[in-house]
$ cat start_18.pdb   # PDB, C-alpha atoms
ATOM      1  CA  MET Q   1     -31.989  19.651   0.824
ATOM      2  CA  GLU Q   2     -33.166  19.876   4.384
ATOM      3  CA  PHE Q   3     -30.516  20.184   7.017
ATOM      4  CA  GLN Q   4     -30.932  18.872  10.522
ATOM      5  CA  GLU Q   5     -28.707  19.501  13.479
ATOM      6  CA  PHE Q   6     -26.937  16.737  15.369
ATOM      7  CA  ALA Q   7     -24.766  16.843  18.465
ATOM      8  CA  GLY Q   8     -22.217  14.561  20.075
ATOM      9  CA  LYS Q   9     -19.149  14.568  22.310
ATOM     10  CA  SER Q  10     -17.009  14.886  19.206
ATOM     11  CA  THR Q  11     -17.734  15.657  15.553
ATOM     12  CA  GLU Q  12     -17.242  11.951  14.798
ATOM     13  CA  GLU Q  13     -19.921  11.040  17.286
ATOM     14  CA  ALA Q  14     -22.248  13.708  15.883
ATOM     15  CA  ILE Q  15     -21.726  12.312  12.381
ATOM     16  CA  ASP Q  16     -22.428   8.801  13.694
ATOM     17  CA  ASN Q  17     -25.661  10.098  15.168
ATOM     18  CA  ALA Q  18     -26.616  11.686  11.857
ATOM     19  CA  CYS Q  19     -25.883   8.431  10.005
ATOM     20  CA  ALA Q  20     -28.003   6.501  12.489
ATOM     21  CA  HIS Q  21     -30.828   8.974  12.033
ATOM     22  CA  PHE Q  22     -30.856   8.803   8.222
ATOM     23  CA  GLN Q  23     -29.731   5.163   8.208
ATOM     24  CA  VAL Q  24     -27.053   5.753   5.586
ATOM     25  CA  SER Q  25     -23.243   5.796   5.400
ATOM     26  CA  PRO Q  26     -21.361   9.107   5.908
ATOM     27  CA  GLU Q  27     -20.589   9.353   2.159
ATOM     28  CA  GLN Q  28     -24.257   9.812   1.419
ATOM     29  CA  LEU Q  29     -24.567  12.821   3.685
ATOM     30  CA  GLU Q  30     -23.805  16.454   3.082
ATOM     31  CA  ILE Q  31     -22.165  17.527   6.339
ATOM     32  CA  GLU Q  32     -21.411  20.959   7.747
ATOM     33  CA  ILE Q  33     -19.600  21.332  11.010
ATOM     34  CA  VAL Q  34     -21.186  23.998  13.215
ATOM     35  CA  SER Q  35     -18.841  23.697  16.183
ATOM     36  CA  VAL Q  36     -16.155  21.185  17.015
ATOM     37  CA  GLY Q  37     -16.822  21.094  20.734
ATOM     38  CA  SER Q  38     -14.279  20.583  23.494
ATOM     39  CA  PRO Q  39     -13.926  17.767  25.975
ATOM     40  CA  GLY Q  40     -13.587  19.962  29.082
ATOM     41  CA  ILE Q  41     -11.728  19.021  32.251
ATOM     42  CA  PHE Q  42     -12.915  16.148  34.469
ATOM     43  CA  GLY Q  43     -16.161  16.126  32.545
ATOM     44  CA  LEU Q  44     -16.810  19.741  33.435
ATOM     45  CA  GLY Q  45     -17.166  22.715  31.110
ATOM     46  CA  GLY Q  46     -17.150  20.553  27.973
ATOM     47  CA  ARG Q  47     -19.031  21.770  24.929
ATOM     48  CA  LYS Q  48     -20.803  19.407  22.609
ATOM     49  CA  ALA Q  49     -19.834  19.201  18.969
ATOM     50  CA  LYS Q  50     -22.566  20.259  16.579
ATOM     51  CA  ILE Q  51     -23.007  19.457  12.933
ATOM     52  CA  ARG Q  52     -25.648  19.996  10.304
ATOM     53  CA  ALA Q  53     -26.376  17.129   7.975
ATOM     54  CA  ALA Q  54     -28.689  16.379   5.076
ATOM     55  CA  LEU Q  55     -29.094  13.557   2.617
ATOM     56  CA  ARG Q  56     -27.175  14.100  -0.584
ATOM     57  CA  GLU Q  57     -29.419  14.827  -3.503
ATOM     58  CA  GLU Q  58     -27.127  12.954  -5.800
ATOM     59  CA  SER Q  59     -27.976   9.323  -5.281
ATOM     60  CA  GLU Q  60     -25.924   6.493  -6.753
ATOM     61  CA  GLU Q  61     -28.364   6.212  -9.605
ATOM     62  CA  LEU Q  62     -27.957   9.863 -10.534
ATOM     63  CA  LEU Q  63     -24.194   9.591 -10.298
ATOM     64  CA  LEU Q  64     -24.191   6.809 -12.883
ATOM     65  CA  THR Q  65     -26.369   8.872 -15.188
ATOM     66  CA  SER Q  66     -24.156  11.927 -14.945
ATOM     67  CA  ALA Q  67     -21.024   9.836 -15.526
ATOM     68  CA  LYS Q  68     -22.605   8.485 -18.696
ATOM     69  CA  GLU Q  69     -23.714  11.940 -19.825
ATOM     70  CA  ILE Q  70     -20.271  13.458 -19.322
ATOM     71  CA  LEU Q  71     -18.552  10.728 -21.334
ATOM     72  CA  GLU Q  72     -21.174  10.889 -24.091
ATOM     73  CA  THR Q  73     -20.789  14.639 -24.459
ATOM     74  CA  PHE Q  74     -17.021  14.241 -24.364
ATOM     75  CA  LEU Q  75     -17.014  11.704 -27.207
ATOM     76  CA  GLU Q  76     -19.493  13.765 -29.178
ATOM     77  CA  ARG Q  77     -17.142  16.763 -28.984
ATOM     78  CA  MET Q  78     -14.353  14.488 -30.176
ATOM     79  CA  GLN Q  79     -16.647  13.676 -33.099
ATOM     80  CA  GLU Q  80     -16.508  10.058 -32.154
ATOM     81  CA  LYS Q  81     -19.517   8.009 -33.186
ATOM     82  CA  SER Q  82     -20.035   5.742 -30.246
ATOM     83  CA  SER Q  83     -22.380   4.499 -27.574
ATOM     84  CA  VAL Q  84     -21.741   4.307 -23.857
ATOM     85  CA  SER Q  85     -23.054   1.859 -21.291
ATOM     86  CA  VAL Q  86     -22.625   2.219 -17.557
ATOM     87  CA  HIS Q  87     -22.849   0.008 -14.501
ATOM     88  CA  GLN Q  88     -21.713  -0.063 -10.911
ATOM     89  CA  GLU Q  89     -18.850  -2.432 -10.155
ATOM     90  CA  ASP Q  90     -18.088  -2.776  -6.437
ATOM     91  CA  ASP Q  91     -16.922   0.672  -5.401
ATOM     92  CA  ARG Q  92     -16.359   2.027  -8.882
ATOM     93  CA  ILE Q  93     -18.346   3.178 -11.845
ATOM     94  CA  SER Q  94     -17.586   1.213 -14.965
ATOM     95  CA  LEU Q  95     -18.150   2.868 -18.348
ATOM     96  CA  ARG Q  96     -17.900   0.961 -21.593
ATOM     97  CA  ILE Q  97     -17.552   2.538 -25.017
ATOM     98  CA  GLU Q  98     -18.676   0.876 -28.222
ATOM     99  CA  THR Q  99     -17.076   2.478 -31.254
ATOM    100  CA  GLU Q 100     -15.775   1.719 -34.730
ATOM    101  CA  ASP Q 101     -12.519   3.479 -34.049
ATOM    102  CA  ALA Q 102     -11.349   1.753 -30.874
ATOM    103  CA  GLY Q 103      -7.644   2.050 -31.725
ATOM    104  CA  LEU Q 104      -7.790   5.820 -31.781
ATOM    105  CA  LEU Q 105      -9.515   6.019 -28.407
ATOM    106  CA  ILE Q 106      -7.079   3.589 -26.806
ATOM    107  CA  GLY Q 107      -3.941   5.269 -28.142
ATOM    108  CA  LYS Q 108      -0.339   4.245 -27.741
ATOM    109  CA  GLN Q 109      -0.136   1.888 -24.730
ATOM    110  CA  GLY Q 110      -3.596   3.002 -23.668
ATOM    111  CA  GLN Q 111      -2.483   6.620 -23.274
ATOM    112  CA  THR Q 112      -5.593   8.177 -24.764
ATOM    113  CA  LEU Q 113      -7.906   5.926 -22.786
ATOM    114  CA  ASP Q 114      -6.054   6.781 -19.559
ATOM    115  CA  ALA Q 115      -6.282  10.505 -20.331
ATOM    116  CA  LEU Q 116      -9.988  10.174 -21.036
ATOM    117  CA  GLN Q 117     -10.548   8.270 -17.801
ATOM    118  CA  TYR Q 118      -8.557  10.789 -15.797
ATOM    119  CA  LEU Q 119     -10.423  13.792 -17.194
ATOM    120  CA  VAL Q 120     -13.887  12.254 -16.871
ATOM    121  CA  THR Q 121     -13.112  11.306 -13.248
ATOM    122  CA  LYS Q 122     -12.152  14.911 -12.496
ATOM    123  CA  MET Q 123     -15.186  16.304 -14.286
ATOM    124  CA  LEU Q 124     -17.591  14.052 -12.416
ATOM    125  CA  ALA Q 125     -15.884  14.737  -9.090
ATOM    126  CA  LYS Q 126     -16.320  18.433  -9.774
ATOM    127  CA  LYS Q 127     -19.973  18.058 -10.735
ATOM    128  CA  SER Q 128     -21.008  15.776  -7.887
ATOM    129  CA  ARG Q 129     -18.660  17.383  -5.330
ATOM    130  CA  ARG Q 130     -17.365  14.069  -4.119
ATOM    131  CA  LYS Q 131     -14.622  11.619  -4.901
ATOM    132  CA  VAL Q 132     -15.533   8.982  -7.433
ATOM    133  CA  ARG Q 133     -13.760   6.023  -8.963
ATOM    134  CA  ILE Q 134     -14.280   5.446 -12.642
ATOM    135  CA  THR Q 135     -13.029   2.861 -15.104
ATOM    136  CA  ILE Q 136     -13.461   3.494 -18.810
ATOM    137  CA  ASP Q 137     -12.953   0.630 -21.219
ATOM    138  CA  VAL Q 138     -13.121   0.186 -24.976
ATOM    139  CA  GLU Q 139     -13.639  -3.283 -26.412
ATOM    140  CA  ALA Q 140     -12.390  -4.974 -23.243
ATOM    141  CA  TYR Q 141      -8.972  -3.371 -23.796
ATOM    142  CA  ARG Q 142      -8.287  -3.139 -20.081
ATOM    143  CA  ALA Q 143      -9.099  -6.776 -19.422
ATOM    144  CA  ARG Q 144      -6.809  -7.875 -22.262
ATOM    145  CA  HIS Q 145      -4.089  -5.445 -21.219
ATOM    146  CA  ASN Q 146      -4.180  -6.583 -17.578
ATOM    147  CA  GLU Q 147      -3.943 -10.206 -18.586
ATOM    148  CA  ALA Q 148      -1.006  -9.553 -20.915
ATOM    149  CA  LEU Q 149       0.765  -7.556 -18.225
ATOM    150  CA  ALA Q 150       0.328 -10.265 -15.583
ATOM    151  CA  HIS Q 151       1.608 -12.793 -18.092
ATOM    152  CA  LEU Q 152       4.654 -10.616 -18.825
ATOM    153  CA  ALA Q 153       5.343 -10.285 -15.093
ATOM    154  CA  GLN Q 154       5.288 -14.065 -14.700
ATOM    155  CA  LYS Q 155       7.620 -14.513 -17.646
ATOM    156  CA  TYR Q 156      10.174 -12.049 -16.275
ATOM    157  CA  GLY Q 157       9.748 -13.643 -12.845
ATOM    158  CA  GLU Q 158      10.874 -16.975 -14.249
ATOM    159  CA  LYS Q 159      13.859 -15.291 -15.898
ATOM    160  CA  VAL Q 160      14.919 -13.722 -12.629
ATOM    161  CA  LYS Q 161      14.650 -17.063 -10.837
ATOM    162  CA  LYS Q 162      16.809 -18.754 -13.465
ATOM    163  CA  SER Q 163      19.523 -16.104 -13.647
ATOM    164  CA  GLY Q 164      19.356 -14.935 -10.034
ATOM    165  CA  ARG Q 165      19.679 -11.365 -11.315
ATOM    166  CA  PRO Q 166      17.102  -8.599 -10.933
ATOM    167  CA  ILE Q 167      15.215  -7.254 -13.933
ATOM    168  CA  ILE Q 168      14.016  -3.660 -14.254
ATOM    169  CA  LEU Q 169      10.794  -3.163 -16.190
ATOM    170  CA  SER Q 170       9.974  -0.075 -18.230
ATOM    171  CA  PRO Q 171       8.202   2.834 -16.452
ATOM    172  CA  MET Q 172       4.534   2.201 -15.698
ATOM    173  CA  ASN Q 173       1.637   4.070 -14.166
ATOM    174  CA  PRO Q 174       0.467   3.114 -10.654
ATOM    175  CA  TYR Q 175      -2.380   0.970 -11.917
ATOM    176  CA  ASP Q 176      -0.128  -1.143 -14.127
ATOM    177  CA  ARG Q 177       2.502  -1.452 -11.418
ATOM    178  CA  ARG Q 178      -0.123  -2.775  -9.063
ATOM    179  CA  ILE Q 179      -0.917  -5.534 -11.538
ATOM    180  CA  VAL Q 180       2.755  -6.539 -11.712
ATOM    181  CA  HIS Q 181       3.111  -6.550  -7.906
ATOM    182  CA  MET Q 182      -0.075  -8.576  -7.528
ATOM    183  CA  ALA Q 183       0.945 -11.089 -10.182
ATOM    184  CA  LEU Q 184       4.129 -11.925  -8.265
ATOM    185  CA  GLN Q 185       3.122 -11.341  -4.658
ATOM    186  CA  ASP Q 186       2.469 -15.006  -3.913
ATOM    187  CA  ASP Q 187       5.819 -16.097  -5.301
ATOM    188  CA  LYS Q 188       8.072 -16.486  -2.274
ATOM    189  CA  GLU Q 189      11.238 -16.677  -4.364
ATOM    190  CA  LEU Q 190      10.741 -13.208  -5.791
ATOM    191  CA  LYS Q 191      10.194  -9.718  -4.512
ATOM    192  CA  THR Q 192       9.050  -6.613  -6.367
ATOM    193  CA  VAL Q 193       9.737  -2.949  -5.607
ATOM    194  CA  SER Q 194       8.854   0.264  -7.396
ATOM    195  CA  ARG Q 195      11.761   2.521  -8.096
ATOM    196  CA  GLY Q 196      11.800   6.132  -9.238
ATOM    197  CA  GLU Q 197       9.942   9.380  -8.733
ATOM    198  CA  GLY Q 198       6.639  10.768  -9.893
ATOM    199  CA  LEU Q 199       3.707   9.105 -11.578
ATOM    200  CA  TYR Q 200       5.668   6.694 -13.725
ATOM    201  CA  LYS Q 201       7.983   4.403 -11.828
ATOM    202  CA  LYS Q 202       9.883   1.279 -12.750
ATOM    203  CA  VAL Q 203       9.201  -2.051 -11.133
ATOM    204  CA  VAL Q 204      12.240  -4.086 -10.177
ATOM    205  CA  ILE Q 205      11.789  -7.834  -9.918
ATOM    206  CA  SER Q 206      14.539  -9.448  -7.885
ATOM    207  CA  PRO Q 207      15.179 -12.757  -6.153
ATOM    208  CA  ALA Q 208      13.990 -12.748  -2.540
ATOM    209  CA  LYS Q 209      16.933 -12.836  -0.159
ATOM    210  CA  LYS Q 210      17.094 -16.039   1.751
ATOM    211  CA  LYS Q 211      17.240 -15.526   5.466
ATOM    212  CA  GLU Q 212      20.218 -17.040   7.237
ATOM    213  CA  GLY Q 213      19.595 -20.463   8.658
ATOM    214  CA  GLN Q 214      16.447 -20.854   6.642
ATOM    215  CA  GLU Q 215      18.522 -22.085   3.754
ATOM    216  CA  ASP Q 216      19.552 -25.250   5.581
ATOM    217  CA  ALA Q 217      16.111 -25.967   6.883
ATOM    218  CA  ALA Q 218      14.378 -25.510   3.577
ATOM    219  CA  GLY Q 219      17.120 -27.063   1.511
ATOM    220  CA  PRO Q 220      18.038 -25.882  -1.941
ATOM    221  CA  ALA Q 221      14.988 -24.665  -3.873
TER
ATOM    222  CA  MET U   1     -11.355  21.128 -31.548
ATOM    223  CA  LYS U   2     -12.156  24.435 -29.947
ATOM    224  CA  GLU U   3     -15.462  23.170 -28.616
ATOM    225  CA  LEU U   4     -13.787  20.097 -27.171
ATOM    226  CA  VAL U   5     -11.226  22.098 -25.214
ATOM    227  CA  LYS U   6     -13.898  24.510 -24.037
ATOM    228  CA  PHE U   7     -16.095  21.670 -22.814
ATOM    229  CA  ILE U   8     -13.261  20.014 -20.870
ATOM    230  CA  ALA U   9     -12.026  23.259 -19.328
ATOM    231  CA  GLN U  10     -15.489  24.456 -18.319
ATOM    232  CA  SER U  11     -16.198  21.170 -16.565
ATOM    233  CA  LEU U  12     -13.042  21.449 -14.474
ATOM    234  CA  VAL U  13     -13.004  25.052 -13.263
ATOM    235  CA  ASP U  14     -14.910  27.040 -10.659
ATOM    236  CA  ASN U  15     -15.620  29.919 -13.063
ATOM    237  CA  PRO U  16     -16.830  28.351 -16.315
ATOM    238  CA  ASP U  17     -17.909  31.764 -17.630
ATOM    239  CA  ALA U  18     -14.316  32.967 -17.535
ATOM    240  CA  VAL U  19     -13.121  30.220 -19.877
ATOM    241  CA  GLU U  20     -12.004  31.578 -23.238
ATOM    242  CA  VAL U  21     -10.768  29.439 -26.106
ATOM    243  CA  LYS U  22      -9.261  30.788 -29.299
ATOM    244  CA  GLU U  23      -8.245  28.718 -32.275
ATOM    245  CA  ILE U  24      -5.548  29.992 -34.573
ATOM    246  CA  GLN U  25      -5.802  27.984 -37.761
ATOM    247  CA  GLY U  26      -2.665  27.075 -39.628
ATOM    248  CA  GLU U  27      -2.233  25.079 -42.780
ATOM    249  CA  GLN U  28      -1.450  21.851 -40.971
ATOM    250  CA  THR U  29      -1.219  22.803 -37.353
ATOM    251  CA  SER U  30      -3.649  24.877 -35.403
ATOM    252  CA  VAL U  31      -2.909  26.422 -32.060
ATOM    253  CA  ILE U  32      -5.615  26.389 -29.441
ATOM    254  CA  GLU U  33      -5.277  28.994 -26.757
ATOM    255  CA  LEU U  34      -6.986  28.374 -23.453
ATOM    256  CA  LYS U  35      -7.531  31.146 -20.974
ATOM    257  CA  VAL U  36      -9.125  30.676 -17.557
ATOM    258  CA  ALA U  37      -9.619  32.724 -14.399
ATOM    259  CA  LYS U  38      -6.425  33.145 -12.398
ATOM    260  CA  GLU U  39      -7.741  31.009  -9.514
ATOM    261  CA  ASP U  40      -8.557  28.205 -11.934
ATOM    262  CA  LEU U  41      -5.151  27.979 -13.572
ATOM    263  CA  GLY U  42      -4.110  25.159 -11.259
ATOM    264  CA  LYS U  43      -7.242  23.199 -12.113
ATOM    265  CA  VAL U  44      -6.488  23.054 -15.838
ATOM    266  CA  ILE U  45      -2.806  22.334 -15.278
ATOM    267  CA  GLY U  46      -3.131  19.806 -12.473
ATOM    268  CA  LYS U  47      -0.574  18.186 -10.215
ATOM    269  CA  GLN U  48       2.734  18.082 -12.115
ATOM    270  CA  GLY U  49       0.852  19.118 -15.239
ATOM    271  CA  ARG U  50      -1.168  15.937 -15.335
ATOM    272  CA  THR U  51      -4.439  17.576 -16.372
ATOM    273  CA  ALA U  52      -2.776  19.655 -19.078
ATOM    274  CA  ARG U  53      -1.011  16.556 -20.356
ATOM    275  CA  ALA U  54      -4.275  14.591 -20.444
ATOM    276  CA  MET U  55      -5.958  17.383 -22.409
ATOM    277  CA  ARG U  56      -3.093  17.432 -24.914
ATOM    278  CA  THR U  57      -3.305  13.652 -25.351
ATOM    279  CA  ILE U  58      -7.036  13.857 -26.035
ATOM    280  CA  LEU U  59      -6.518  16.769 -28.389
ATOM    281  CA  SER U  60      -3.934  14.964 -30.458
ATOM    282  CA  ALA U  61      -6.164  11.889 -30.716
ATOM    283  CA  ALA U  62      -9.103  14.003 -31.836
ATOM    284  CA  SER U  63      -7.043  15.927 -34.365
ATOM    285  CA  THR U  64      -5.485  12.793 -35.871
ATOM    286  CA  LYS U  65      -8.976  11.887 -36.888
ATOM    287  CA  ILE U  66      -9.331  14.968 -39.069
ATOM    288  CA  ARG U  67      -5.711  14.660 -40.216
ATOM    289  CA  LYS U  68      -4.517  17.817 -38.568
ATOM    290  CA  ARG U  69      -2.301  18.688 -35.685
ATOM    291  CA  ALA U  70      -3.449  20.765 -32.779
ATOM    292  CA  VAL U  71      -1.338  22.289 -30.041
ATOM    293  CA  LEU U  72      -2.785  23.396 -26.732
ATOM    294  CA  GLU U  73      -1.398  26.504 -25.110
ATOM    295  CA  ILE U  74      -2.554  27.542 -21.669
ATOM    296  CA  ILE U  75      -2.313  31.301 -21.431
ATOM    297  CA  GLU U  76      -1.787  33.132 -18.154
TER
END
$ encode --input "start_18.pdb" --output "structure tokens"
Amino acid sequence: MEFQEFAGKSTEEAIDNACAHFQVSPEQLEIEIVSVGSPGIFGLGGRKAKIRAALREESEELLLTSAKEILETFLERMQEKSSVSVHQEDDRISLRIETEDAGLLIGKQGQTLDALQYLVTKMLAKKSRRKVRITIDVEAYRARHNEALAHLAQKYGEKVKKSGRPIILSPMNPYDRRIVHMALQDDKELKTVSRGEGLYKKVVISPAKKKEGQEDAAGPA
Amino acid sequence: MKELVKFIAQSLVDNPDAVEVKEIQGEQTSVIELKVAKEDLGKVIGKQGRTARAMRTILSAASTKIRKRAVLEIIE
């Protein structure tokens, strides 16, 4: 890696200059801050901010390859006969596993798959020294699971509308909760909130409160 | 099992050479002891024990396959 020095009024400006020079986004640069600089008074006595920047060796292509390698080694150590395919999906890396024993890898309510995804994400982040987003799927489990969850949310939504009473769902991880919120966000008669502490919270689906006055204008729903 | 835990731990810590894994075989259950450098303890445990929990989940899935039970102990 070859570092070059860039300067600017602030570190942000120096980084912008570096990006312009290499014609890449900041994520693709390895950046070291040499000095932060100071604005000075009335434009006098200010020091310029200095940074050193170089192109990251790890390109997107390499990142995909190392993600695949990590998961392959992982499954091999689990003595799981399987093959892995990888592709970029928007801002995340999507890994797919083909195996005979999908049930074992998915686990109860996708627990094992989530654990695998969490660990591989951490391992890759450690190796590439940057934050990465990874999705691991076995036999389109996630797609099926998401669909079922959205369907469930709709079903409970209808129940809440009929009874006018809130329903509390069982504890879910952030990803699953997001699916529930999204499934019902366009429904103006309902609102959803997460309740609880920690990683696993419960989603509460309740009827949206009608604002005063609006009731007459809109008429009974 | 031992190799699996070693692989995961070494990929998470700053001092992979300091990772030690011992397997104590029992008739049905084996205990796997993981030891890492003091600075790396947080890395294998994770925020609110999330990393440790993930490792245990993986371990139990892998050991179901060979019809055994494995318990992970992180040793200080």
$ interface_residues --input "start_18.pdb" --of "chain Q" --to "chain U" --cutoff "6 Å" --atoms "all atoms listed in the file" --output "list in words"
Arg77, Met78, Thr112, Ala115 and Met123 of chain Q
$ atom_distance --input "start_18.pdb" --atom1 "atom CA of Pro26 of chain Q" --atom2 "atom CA of Gly46 of chain U"
28.0 Å
$ resolve_selection --input "start_18.pdb" --expression "the PyMOL selection byres ((chain Q and resi 202) around 9)" --output "compact mmCIF listing (two decimals) with C-alpha atoms, keeping the file's coordinate frame"
# COMPACT_ATOMS: atom_id res chain seq x y z
CA ILE Q 168 14.02 -3.66 -14.25
CA LEU Q 169 10.79 -3.16 -16.19
CA SER Q 170 9.97 -0.08 -18.23
CA PRO Q 171 8.20 2.83 -16.45
CA MET Q 172 4.53 2.20 -15.70
CA ASN Q 173 1.64 4.07 -14.17
CA ARG Q 177 2.50 -1.45 -11.42
CA VAL Q 193 9.74 -2.95 -5.61
CA SER Q 194 8.85 0.26 -7.40
CA ARG Q 195 11.76 2.52 -8.10
CA GLY Q 196 11.80 6.13 -9.24
CA TYR Q 200 5.67 6.69 -13.72
CA LYS Q 201 7.98 4.40 -11.83
CA VAL Q 203 9.20 -2.05 -11.13
CA VAL Q 204 12.24 -4.09 -10.18
$ atom_distance --input "start_18.pdb" --atom1 "atom CA of Phe22 of chain Q" --atom2 "atom CA of Thr121 of chain Q"
28.0 Å
$ atom_distance --input "start_18.pdb" --atom1 "atom CA of Arg130 of chain Q" --atom2 "atom CA of Arg56 of chain Q"
10.4 Å
$ resolve_selection --input "start_18.pdb" --expression "the PyMOL selection byres ((chain U and resi 22-30) around 10)" --output "short mmCIF file (atom, residue, chain, number, x, y, z; two decimals) with C-alpha atoms, in the coordinates of the input"
data_model
loop_
_atom_site.label_atom_id
_atom_site.label_comp_id
_atom_site.auth_asym_id
_atom_site.auth_seq_id
_atom_site.Cartn_x
_atom_site.Cartn_y
_atom_site.Cartn_z
CA MET U 1 -11.36 21.13 -31.55
CA LYS U 2 -12.16 24.44 -29.95
CA GLU U 3 -15.46 23.17 -28.62
CA VAL U 5 -11.23 22.10 -25.21
CA LYS U 6 -13.90 24.51 -24.04
CA GLU U 20 -12.00 31.58 -23.24
CA VAL U 21 -10.77 29.44 -26.11
CA VAL U 31 -2.91 26.42 -32.06
CA ILE U 32 -5.62 26.39 -29.44
CA GLU U 33 -5.28 28.99 -26.76
CA LEU U 34 -6.99 28.37 -23.45
CA LYS U 35 -7.53 31.15 -20.97
CA SER U 63 -7.04 15.93 -34.36
CA ARG U 67 -5.71 14.66 -40.22
CA LYS U 68 -4.52 17.82 -38.57
CA ARG U 69 -2.30 18.69 -35.68
CA ALA U 70 -3.45 20.76 -32.78
CA VAL U 71 -1.34 22.29 -30.04
CA LEU U 72 -2.78 23.40 -26.73
CA GLU U 73 -1.40 26.50 -25.11
#
$ residues_around --input "start_18.pdb" --residues "Ser35 of chain Q" --least-positions-apart "3" --cutoff "10 Å" --atoms "only C-alpha atoms" --output "list in words"
Ala7, Ser10, Thr11, Glu32, Ser38, Arg47, Lys48, Ala49, Lys50, Ile51 and Arg52 of chain Q
$ residues_around --input "start_18.pdb" --residues "Leu62 of chain Q" --least-positions-apart "5" --cutoff "12 Å" --atoms "all atoms listed in the file" --output "mmCIF file with C-alpha atoms, keeping the file's coordinate frame"
data_model
loop_
_atom_site.group_PDB
_atom_site.id
_atom_site.type_symbol
_atom_site.label_atom_id
_atom_site.label_comp_id
_atom_site.auth_asym_id
_atom_site.auth_seq_id
_atom_site.Cartn_x
_atom_site.Cartn_y
_atom_site.Cartn_z
ATOM 1 C CA ARG Q 56 -27.175 14.100 -0.584
ATOM 2 C CA GLU Q 57 -29.419 14.827 -3.503
ATOM 3 C CA ALA Q 67 -21.024 9.836 -15.526
ATOM 4 C CA LYS Q 68 -22.605 8.485 -18.696
ATOM 5 C CA GLU Q 69 -23.714 11.940 -19.825
ATOM 6 C CA VAL Q 86 -22.625 2.219 -17.557
ATOM 7 C CA HIS Q 87 -22.849 0.008 -14.501
ATOM 8 C CA GLN Q 88 -21.713 -0.063 -10.911
ATOM 9 C CA ILE Q 93 -18.346 3.178 -11.845
ATOM 10 C CA LEU Q 124 -17.591 14.052 -12.416
ATOM 11 C CA LYS Q 127 -19.973 18.058 -10.735
ATOM 12 C CA SER Q 128 -21.008 15.776 -7.887
#
$ closest_residue --input "start_18.pdb" --among "Q:Val84, Q:Lys126, Q:Val36, Q:Glu72" --to "Pro16 of chain U" --atoms "only C-alpha atoms"
Q:Lys126
$ resolve_selection --input "start_18.pdb" --expression "the PyMOL selection byres ((chain Q and resi 134-136) around 12)" --output "MDAnalysis selection string"
chainID Q and resid 63:64 67:68 71:72 84:98 105:106 110 112:125 131:133 137:143 175
$ residues_around --input "start_18.pdb" --residues "Gln4 of chain Q" --least-positions-apart "6" --cutoff "12 Å" --atoms "all atoms listed in the file" --output "VMD selection string"
chain Q and resid 14 to 15 17 to 19 21 to 22 29 to 34 50 to 55
